[in-house]
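Just start.cif here, mmCIF, C-alpha atoms and all ligand atoms:
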data_protein
loop_
_atom_site.label_atom_id
_atom_site.label_comp_id
_atom_site.auth_asym_id
_atom_site.auth_seq_id
_atom_site.Cartn_x
_atom_site.Cartn_y
_atom_site.Cartn_z
CA MET I 17 -0.35 6.42 70.59
CA TRP I 18 2.32 8.60 68.96
CA ASN I 19 -0.02 11.55 68.49
CA GLU I 20 -0.86 11.40 72.20
CA ARG I 21 2.79 11.17 73.18
CA TYR I 22 3.72 14.13 70.98
CA ALA I 23 0.80 16.31 72.13
CA VAL I 24 2.93 18.34 74.56
CA ASP I 25 4.94 21.52 74.04
CA GLU I 26 8.18 19.75 74.90
CA TYR I 27 10.13 17.95 72.14
CA ILE I 28 10.10 14.52 73.77
CA TYR I 29 13.25 13.30 71.96
CA GLY I 30 14.87 16.73 72.15
CA LYS I 31 15.74 19.17 69.36
CA GLU I 32 19.30 18.02 68.80
CA PRO I 33 20.09 15.27 66.29
CA ASN I 34 20.81 11.67 67.16
CA SER I 35 24.55 11.53 67.91
CA PHE I 36 25.31 8.55 65.61
CA LEU I 37 23.70 10.47 62.75
CA ALA I 38 25.57 13.67 63.61
CA GLU I 39 28.88 11.80 63.72
CA HIS I 40 28.43 10.27 60.26
CA ALA I 41 26.36 12.94 58.50
CA GLY I 42 29.31 13.74 56.24
CA LEU I 43 28.64 10.48 54.37
CA LEU I 44 25.12 11.54 53.41
CA LYS I 45 24.00 13.24 50.21
CA GLY I 46 20.56 14.52 49.29
CA PRO I 47 17.86 13.86 48.65
CA VAL I 48 17.55 12.10 52.00
CA LEU I 49 14.55 10.02 53.02
CA SER I 50 14.03 9.96 56.80
CA LEU I 51 11.88 7.09 58.04
CA ALA I 52 9.74 7.76 61.13
CA GLU I 53 11.04 11.32 61.42
CA GLY I 54 8.87 12.20 64.44
CA GLU I 55 9.36 15.75 65.76
CA GLY I 56 11.99 16.72 63.22
CA ARG I 57 15.28 16.88 65.10
CA ASN I 58 17.17 14.77 62.55
CA ALA I 59 15.59 16.20 59.39
CA VAL I 60 16.16 19.78 60.59
CA PHE I 61 19.79 18.99 61.39
CA LEU I 62 20.37 17.54 57.90
CA ALA I 63 18.57 20.47 56.26
CA SER I 64 20.85 22.82 58.18
CA LEU I 65 23.78 21.06 56.43
CA GLY I 66 22.19 21.99 53.10
CA LEU I 67 20.61 18.62 52.34
CA LYS I 68 17.13 18.18 50.87
CA VAL I 69 15.16 15.99 53.29
CA HIS I 70 11.86 14.14 52.99
CA GLY I 71 10.64 13.04 56.43
CA VAL I 72 7.88 10.45 56.70
CA ASP I 73 5.99 9.58 59.86
CA GLY I 74 2.58 8.29 60.85
CA SER I 75 2.04 11.10 63.36
CA ASP I 76 0.67 14.38 62.02
CA VAL I 77 1.23 15.92 65.47
CA GLY I 78 4.92 14.93 65.37
CA LEU I 79 5.40 16.27 61.85
CA ALA I 80 3.66 19.58 62.71
CA LYS I 81 6.28 19.98 65.44
CA ALA I 82 8.96 19.07 62.88
CA GLN I 83 7.78 21.88 60.60
CA ALA I 84 7.70 24.31 63.54
CA LEU I 85 11.28 23.35 64.45
CA ALA I 86 12.36 23.85 60.82
CA ARG I 87 10.77 27.33 60.74
CA SER I 88 12.44 28.27 64.02
CA ARG I 89 15.82 27.23 62.60
CA GLY I 90 15.23 28.95 59.23
CA VAL I 91 15.40 25.76 57.13
CA GLU I 92 12.95 23.89 54.92
CA ILE I 93 12.05 20.22 55.18
CA HIS I 94 9.47 18.22 53.27
CA THR I 95 7.22 16.07 55.45
CA GLU I 96 4.61 13.43 54.65
CA VAL I 97 2.17 11.76 57.01
CA ALA I 98 2.14 8.10 56.01
CA ASP I 99 1.97 4.63 57.52
CA LEU I 100 5.28 2.92 56.77
CA GLY I 101 3.33 -0.31 56.39
CA VAL I 102 1.94 0.97 53.10
CA PHE I 103 4.41 3.73 52.18
CA ARG I 104 5.86 3.42 48.66
CA PRO I 105 9.01 5.57 48.20
CA GLU I 106 10.01 6.66 44.71
CA VAL I 107 12.29 4.09 43.07
CA ASN I 108 15.95 5.02 42.37
CA HIS I 109 15.44 8.51 43.78
CA TYR I 110 17.24 8.99 47.11
CA ARG I 111 20.96 9.19 47.71
CA SER I 112 20.52 8.55 51.44
CA VAL I 113 17.98 7.01 53.80
CA ILE I 114 18.07 7.44 57.57
CA SER I 115 16.23 5.33 60.11
CA ILE I 116 16.71 6.50 63.70
CA SER I 117 14.77 4.65 66.38
CA ALA I 118 12.27 3.64 63.72
CA HIS I 119 11.27 0.40 65.42
CA LEU I 120 8.83 -1.52 63.29
CA PRO I 121 7.31 -4.99 63.46
CA SER I 122 8.94 -7.57 61.17
CA ALA I 123 5.71 -7.78 59.15
CA ILE I 124 6.23 -4.12 58.14
CA ARG I 125 10.00 -4.38 57.73
CA GLU I 126 9.60 -7.34 55.34
CA LYS I 127 7.58 -5.14 52.97
CA LEU I 128 9.31 -1.82 53.59
CA TYR I 129 13.03 -2.63 53.54
CA PRO I 130 13.09 -4.09 50.01
CA LEU I 131 11.40 -0.85 48.89
CA ILE I 132 14.01 1.16 50.80
CA GLU I 133 16.79 -0.63 48.95
CA LYS I 134 14.99 0.05 45.66
CA CYS I 135 14.47 3.75 46.45
CA LEU I 136 18.21 4.27 46.89
CA LYS I 137 20.37 5.11 43.92
CA PRO I 138 23.37 2.78 43.43
CA GLY I 139 26.09 3.89 45.82
CA GLY I 140 23.46 5.50 48.07
CA ILE I 141 23.76 5.22 51.82
CA ILE I 142 21.44 3.89 54.50
CA LEU I 143 22.22 4.95 58.06
CA LEU I 144 20.25 3.20 60.79
CA GLU I 145 20.35 3.13 64.56
CA ALA I 146 17.86 1.05 66.52
CA TYR I 147 17.67 -0.50 69.94
CA SER I 148 18.96 -4.08 69.90
CA GLU I 149 17.29 -7.15 71.34
CA ALA I 150 19.60 -6.75 74.36
CA GLN I 151 17.68 -3.54 75.15
CA PHE I 152 14.61 -5.63 75.99
CA ALA I 153 15.92 -6.17 79.54
CA ARG I 154 16.70 -2.48 80.10
CA ASN I 155 14.40 0.33 81.12
CA THR I 156 16.14 3.15 79.26
CA GLY I 157 13.86 3.31 76.23
CA GLY I 158 12.55 1.45 73.21
CA PRO I 159 9.69 -0.93 72.58
CA LYS I 160 9.05 -3.89 74.87
CA ASP I 161 8.72 -6.20 71.87
CA LEU I 162 11.62 -8.38 70.72
CA ASP I 163 10.21 -8.51 67.19
CA MET I 164 10.69 -4.73 66.85
CA LEU I 165 14.22 -4.75 68.28
CA MET I 166 17.18 -5.33 65.97
CA THR I 167 20.31 -7.49 65.75
CA GLN I 168 23.25 -7.46 63.36
CA ALA I 169 21.90 -10.68 61.83
CA LYS I 170 18.50 -9.09 61.15
CA ILE I 171 20.21 -6.16 59.43
CA GLU I 172 22.31 -8.45 57.24
CA ARG I 173 19.26 -10.51 56.32
CA GLU I 174 16.93 -7.58 55.71
CA PHE I 175 19.31 -5.38 53.66
CA PRO I 176 20.92 -7.89 51.25
CA ASP I 177 21.56 -5.23 48.59
CA CYS I 178 23.47 -2.89 50.90
CA GLU I 179 27.13 -3.57 51.61
CA PRO I 180 27.90 -2.79 55.26
CA ILE I 181 30.42 0.01 55.77
CA LEU I 182 29.76 -0.19 59.50
CA LEU I 183 27.65 -2.75 61.36
CA ARG I 184 27.95 -3.14 65.10
CA GLU I 185 26.06 -3.68 68.28
CA LEU I 186 27.16 -1.72 71.30
CA GLU I 187 26.15 -0.20 74.57
CA ARG I 188 26.14 3.55 74.66
CA GLU I 189 24.81 6.40 76.74
CA VAL I 190 21.71 7.80 75.05
CA ARG I 191 20.33 11.17 76.17
CA GLU I 192 17.47 12.13 73.88
CA GLY I 193 14.67 13.96 75.66
CA THR I 194 12.48 12.21 78.20
CA TYR I 195 12.02 8.78 76.63
CA HIS I 196 15.58 7.77 75.71
CA THR I 197 17.69 8.18 78.82
CA GLY I 198 20.67 6.21 80.01
CA VAL I 199 22.89 3.35 78.94
CA ALA I 200 21.28 1.49 76.05
CA SER I 201 22.05 -1.41 73.71
CA VAL I 202 21.88 -0.35 70.09
CA VAL I 203 22.58 -1.67 66.62
CA GLN I 204 24.27 0.81 64.28
CA PHE I 205 24.41 0.28 60.54
CA ILE I 206 25.76 2.23 57.61
CA GLY I 207 25.29 0.41 54.31
CA LYS I 208 26.06 1.29 50.72
CA LYS I 209 23.63 0.24 47.99
CA LYS I 210 25.36 -2.23 45.71
CA PRO I 211 25.77 -1.16 42.07
C1 LIG F 301 10.97 6.57 68.86
S1 LIG F 301 10.19 7.68 67.73
C2 LIG F 301 11.61 8.25 66.83
C3 LIG F 301 11.37 9.54 66.11
C4 LIG F 301 12.59 10.09 65.38
N1 LIG F 301 13.11 9.17 64.39
C5 LIG F 301 13.68 10.51 66.32
O1 LIG F 301 14.74 9.88 66.33
O2 LIG F 301 13.48 11.49 67.06
C6 LIG F 301 9.41 6.52 66.63
C7 LIG F 301 8.60 7.15 65.50
O3 LIG F 301 8.11 6.12 64.65
C8 LIG F 301 6.85 6.50 64.14
N2 LIG F 301 6.17 5.30 63.67
C9 LIG F 301 6.00 4.14 64.35
N3 LIG F 301 5.35 3.25 63.59
C10 LIG F 301 5.10 3.85 62.40
C11 LIG F 301 4.45 3.45 61.20
N4 LIG F 301 3.93 2.22 61.05
N5 LIG F 301 4.38 4.33 60.18
C12 LIG F 301 4.90 5.57 60.30
N6 LIG F 301 5.53 6.01 61.41
C13 LIG F 301 5.63 5.16 62.45
C14 LIG F 301 6.18 7.18 65.30
O4 LIG F 301 5.14 8.03 64.90
C15 LIG F 301 7.37 7.93 65.94
O5 LIG F 301 7.45 9.24 65.45
#

Could I get this file's structure written as structure tokens?
Amino acid sequence: MWNERYAVDEYIYGKEPNSFLAEHAGLLKGPVLSLAEGEGRNAVFLASLGLKVHGVDGSDVGLAKAQALARSRGVEIHTEVADLGVFRPEVNHYRSVISISAHLPSAIREKLYPLIEKCLKPGGIILLEAYSEAQFARNTGGPKDLDMLMTQAKIEREFPDCEPILLRELEREVREGTYHTGVASVVQFIGKKKP
């Protein structure tokens, strides 16, 4: 599905970074792991700040576009085609993890998120933005599957080893290419890995 969606010249989520990420990027240190990086807008942005970024996604078409965007901006990013359902990040390696619109079924999150906490160094940061369950009723983007949509309670339950620095649910205007357009309900989370 994602390869088909990405098989167009246009960058369907745009070339500019997610605005929540851009606002808080100063908190991030490399190496950064980017979950479900897609067409590269967020990884390329972080690389342009001088951070080393490893972007993982299941779509080879998306990641080829990510590498093309990196070349056009004169930065380097490392990308890996992998299914997050079986992905095993290196333990105690990353100083930051980002997850932007990486909507995953709970069956995958249950396996992946403990590994994400383990892959962070103590004091490392996770920054996540996802559509919330309230987005289910809207037609401005995101999966039509409540299980893949987030809540503050899910975040607290699924990241027990990360102390929230910021955790909120809000409505905001999202303008990211063709698929994310308009007022949307999102959960935003910045957590710090406990020592
Ligand atoms: C809504 S897009 C967001 C892309 C990017 N994070 C951004 O903000 O532009 C969701 C991405 O999740 C990826 N994805 C979904 N399920 C996945 C899985 N099980 N393993 C790896 N990638 C997955 C898709 O390939 C797609 O690139």

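You can rank I:Ser88, I:Leu65, I:Lys137, I:Thr194 by their closest distance to ligand LIG 301 (chain F) using only C-alpha atoms and all ligand atoms, and at the top of that list sits I:Thr194.
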
Would you compute, for all listed atoms of ligand LIG 301 (chain F), the axis-aligned bounding box grown by 6 Å on each side, and then report its centre and edge lengths in Å rounded to one decimal, as lines of an AutoDock Vina configuration file?
center_x = 9.3
center_y = 6.9
center_z = 64.5
size_x = 22.8
size_y = 21.3
size_z = 20.7

TODO: Compute the set of protein, DNA and RNA residues whose minimum atom distance to ligand LIG 301 (chain F) is at most 8 Å, using all atoms listed in the file, and state it as a PyMOL selection string.
DONE: chain I and resi 18-19+29-30+33-34+50-58+72-75+78+97-101+115-120+124+158+192

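Atom to atom, CA of Glu96 (chain I) and CA of Lys81 (chain I) stand 12.7 Å apart.
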
Near Leu131 (chain I), within 10 Å and counting only C-alpha atoms, which residues show up once chain neighbours fewer than 4 positions away are dropped, as a compact mmCIF listing (two decimals) with C-alpha atoms, keeping the file's coordinate frame?
# COMPACT_ATOMS: atom_id res chain seq x y z
CA PHE I 103 4.41 3.73 52.18
CA ARG I 104 5.86 3.42 48.66
CA PRO I 105 9.01 5.57 48.20
CA GLU I 106 10.01 6.66 44.71
CA VAL I 107 12.29 4.09 43.07
CA ASN I 108 15.95 5.02 42.37
CA ARG I 125 10.00 -4.38 57.73
CA GLU I 126 9.60 -7.34 55.34
CA LYS I 127 7.58 -5.14 52.97
CA CYS I 135 14.47 3.75 46.45
CA LEU I 136 18.21 4.27 46.89

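Separating CA of Arg191 (chain I) from CA of Tyr147 (chain I) is a distance of 13.5 Å.
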
TODO: To one decimal in Å, tell me the separation between CA of Val91 (chain I) and CA of Lys31 (chain I).
DONE: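 These atoms are spaced 13.9 Å apart.
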
Task: Residue nearest Thr167 (chain I) - candidates I:Leu183, I:Ala153, I:Val190, I:Ala80, atoms counted: only C-alpha atoms - done: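 Using only C-alpha atoms, the shortest distance to Thr167 (chain I) belongs to I:Leu183.
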
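Nearest residue to Glu133 (chain I), choosing from I:Glu145, I:Glu187, I:Glu174, I:Asp161 and counting only C-alpha atoms: I:Glu174.
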
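With all atoms listed in the file as the basis for measurement, I:Val202 is the residue among I:Ile132, I:Val202, I:Leu162, I:Cys178 that approaches Ala146 (chain I) most closely.
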
For a cut-off of 9 Å around (26.6, -1.5, 54.7), file coordinates, pick out all residues using all atoms listed in the file and list them as a CSV table (one decimal) with C-alpha atoms, keeping the file's coordinate frame.
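Final output, saved to part19.csv:
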chain,number,residue,atom,x,y,z
I,141,ILE,CA,23.8,5.2,51.8
I,142,ILE,CA,21.4,3.9,54.5
I,143,LEU,CA,22.2,5.0,58.1
I,172,GLU,CA,22.3,-8.4,57.2
I,175,PHE,CA,19.3,-5.4,53.7
I,177,ASP,CA,21.6,-5.2,48.6
I,178,CYS,CA,23.5,-2.9,50.9
I,179,GLU,CA,27.1,-3.6,51.6
I,180,PRO,CA,27.9,-2.8,55.3
I,181,ILE,CA,30.4,0.0,55.8
I,182,LEU,CA,29.8,-0.2,59.5
I,183,LEU,CA,27.6,-2.8,61.4
I,205,PHE,CA,24.4,0.3,60.5
I,206,ILE,CA,25.8,2.2,57.6
I,207,GLY,CA,25.3,0.4,54.3
I,208,LYS,CA,26.1,1.3,50.7
I,209,LYS,CA,23.6,0.2,48.0

Please write a file for region 157-168 of chain I, taken from the block I just shared, that holds all heavy atoms and is laid out as an mmCIF file, in the first residue's frame.
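New file selection.cif:
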data_model
loop_
_atom_site.group_PDB
_atom_site.id
_atom_site.type_symbol
_atom_site.label_atom_id
_atom_site.label_comp_id
_atom_site.auth_asym_id
_atom_site.auth_seq_id
_atom_site.Cartn_x
_atom_site.Cartn_y
_atom_site.Cartn_z
ATOM 1 N N GLY I 157 -7.071 13.069 7.708
ATOM 2 C CA GLY I 157 -5.863 12.254 7.659
ATOM 3 C C GLY I 157 -5.839 11.190 8.732
ATOM 4 O O GLY I 157 -6.623 11.229 9.678
ATOM 5 N N GLY I 158 -4.911 10.237 8.553
ATOM 6 C CA GLY I 158 -4.719 9.193 9.553
ATOM 7 C C GLY I 158 -5.525 7.947 9.275
ATOM 8 O O GLY I 158 -6.477 7.968 8.490
ATOM 9 N N PRO I 159 -5.136 6.858 9.938
ATOM 10 C CA PRO I 159 -5.805 5.573 9.691
ATOM 11 C C PRO I 159 -7.213 5.517 10.269
ATOM 12 O O PRO I 159 -7.465 6.096 11.329
ATOM 13 C CB PRO I 159 -4.895 4.560 10.424
ATOM 14 C CG PRO I 159 -4.166 5.348 11.449
ATOM 15 C CD PRO I 159 -4.045 6.745 10.932
ATOM 16 N N LYS I 160 -8.086 4.823 9.589
ATOM 17 C CA LYS I 160 -9.462 4.635 10.090
ATOM 18 C C LYS I 160 -9.488 3.351 10.919
ATOM 19 O O LYS I 160 -10.178 2.377 10.587
ATOM 20 C CB LYS I 160 -10.438 4.573 8.911
ATOM 21 C CG LYS I 160 -10.657 5.927 8.263
ATOM 22 C CD LYS I 160 -11.494 6.841 9.161
ATOM 23 C CE LYS I 160 -11.494 8.289 8.716
ATOM 24 N NZ LYS I 160 -11.335 9.248 9.808
ATOM 25 N N ASP I 161 -8.705 3.358 11.986
ATOM 26 C CA ASP I 161 -8.568 2.169 12.838
ATOM 27 C C ASP I 161 -8.194 2.661 14.242
ATOM 28 O O ASP I 161 -7.076 3.132 14.455
ATOM 29 C CB ASP I 161 -7.470 1.270 12.257
ATOM 30 C CG ASP I 161 -7.279 0.000 13.072
ATOM 31 O OD1 ASP I 161 -7.820 -0.093 14.191
ATOM 32 O OD2 ASP I 161 -6.579 -0.901 12.578
ATOM 33 N N LEU I 162 -9.164 2.556 15.161
ATOM 34 C CA LEU I 162 -8.938 3.081 16.521
ATOM 35 C C LEU I 162 -7.710 2.470 17.180
ATOM 36 O O LEU I 162 -6.998 3.123 17.943
ATOM 37 C CB LEU I 162 -10.159 2.785 17.403
ATOM 38 C CG LEU I 162 -11.313 3.772 17.347
ATOM 39 C CD1 LEU I 162 -12.416 3.329 18.297
ATOM 40 C CD2 LEU I 162 -10.851 5.194 17.703
ATOM 41 N N ASP I 163 -7.450 1.198 16.877
ATOM 42 C CA ASP I 163 -6.309 0.507 17.488
ATOM 43 C C ASP I 163 -4.976 1.186 17.124
ATOM 44 O O ASP I 163 -4.020 1.145 17.893
ATOM 45 C CB ASP I 163 -6.304 -0.954 17.016
ATOM 46 C CG ASP I 163 -5.155 -1.736 17.603
ATOM 47 O OD1 ASP I 163 -5.042 -1.781 18.844
ATOM 48 O OD2 ASP I 163 -4.348 -2.284 16.818
ATOM 49 N N MET I 164 -4.925 1.810 15.954
ATOM 50 C CA MET I 164 -3.673 2.444 15.506
ATOM 51 C C MET I 164 -3.576 3.900 15.968
ATOM 52 O O MET I 164 -2.533 4.528 15.817
ATOM 53 C CB MET I 164 -3.572 2.382 13.977
ATOM 54 C CG MET I 164 -3.477 0.963 13.452
ATOM 55 S SD MET I 164 -3.638 0.881 11.664
ATOM 56 C CE MET I 164 -1.973 1.242 11.146
ATOM 57 N N LEU I 165 -4.677 4.436 16.476
ATOM 58 C CA LEU I 165 -4.685 5.833 16.920
ATOM 59 C C LEU I 165 -4.314 5.888 18.401
ATOM 60 O O LEU I 165 -4.542 4.937 19.144
ATOM 61 C CB LEU I 165 -6.064 6.438 16.657
ATOM 62 C CG LEU I 165 -6.424 6.503 15.156
ATOM 63 C CD1 LEU I 165 -7.914 6.789 14.963
ATOM 64 C CD2 LEU I 165 -5.585 7.555 14.443
ATOM 65 N N MET I 166 -3.741 7.001 18.833
ATOM 66 C CA MET I 166 -3.139 7.051 20.171
ATOM 67 C C MET I 166 -3.974 7.881 21.145
ATOM 68 O O MET I 166 -4.866 8.633 20.760
ATOM 69 C CB MET I 166 -1.711 7.599 20.074
ATOM 70 C CG MET I 166 -0.768 6.703 19.286
ATOM 71 S SD MET I 166 -0.697 5.002 19.902
ATOM 72 C CE MET I 166 0.363 5.199 21.332
ATOM 73 N N THR I 167 -3.664 7.712 22.433
ATOM 74 C CA THR I 167 -4.212 8.529 23.517
ATOM 75 C C THR I 167 -3.054 8.781 24.487
ATOM 76 O O THR I 167 -2.036 8.070 24.443
ATOM 77 C CB THR I 167 -5.328 7.789 24.300
ATOM 78 O OG1 THR I 167 -4.759 6.614 24.870
ATOM 79 C CG2 THR I 167 -6.513 7.426 23.425
ATOM 80 N N GLN I 168 -3.261 9.749 25.377
ATOM 81 C CA GLN I 168 -2.231 9.966 26.404
ATOM 82 C C GLN I 168 -2.051 8.704 27.244
ATOM 83 O O GLN I 168 -0.933 8.348 27.613
ATOM 84 C CB GLN I 168 -2.639 11.120 27.308
ATOM 85 C CG GLN I 168 -2.563 12.470 26.626
ATOM 86 C CD GLN I 168 -2.772 13.604 27.627
ATOM 87 O OE1 GLN I 168 -2.230 13.599 28.719
ATOM 88 N NE2 GLN I 168 -3.560 14.572 27.262
#
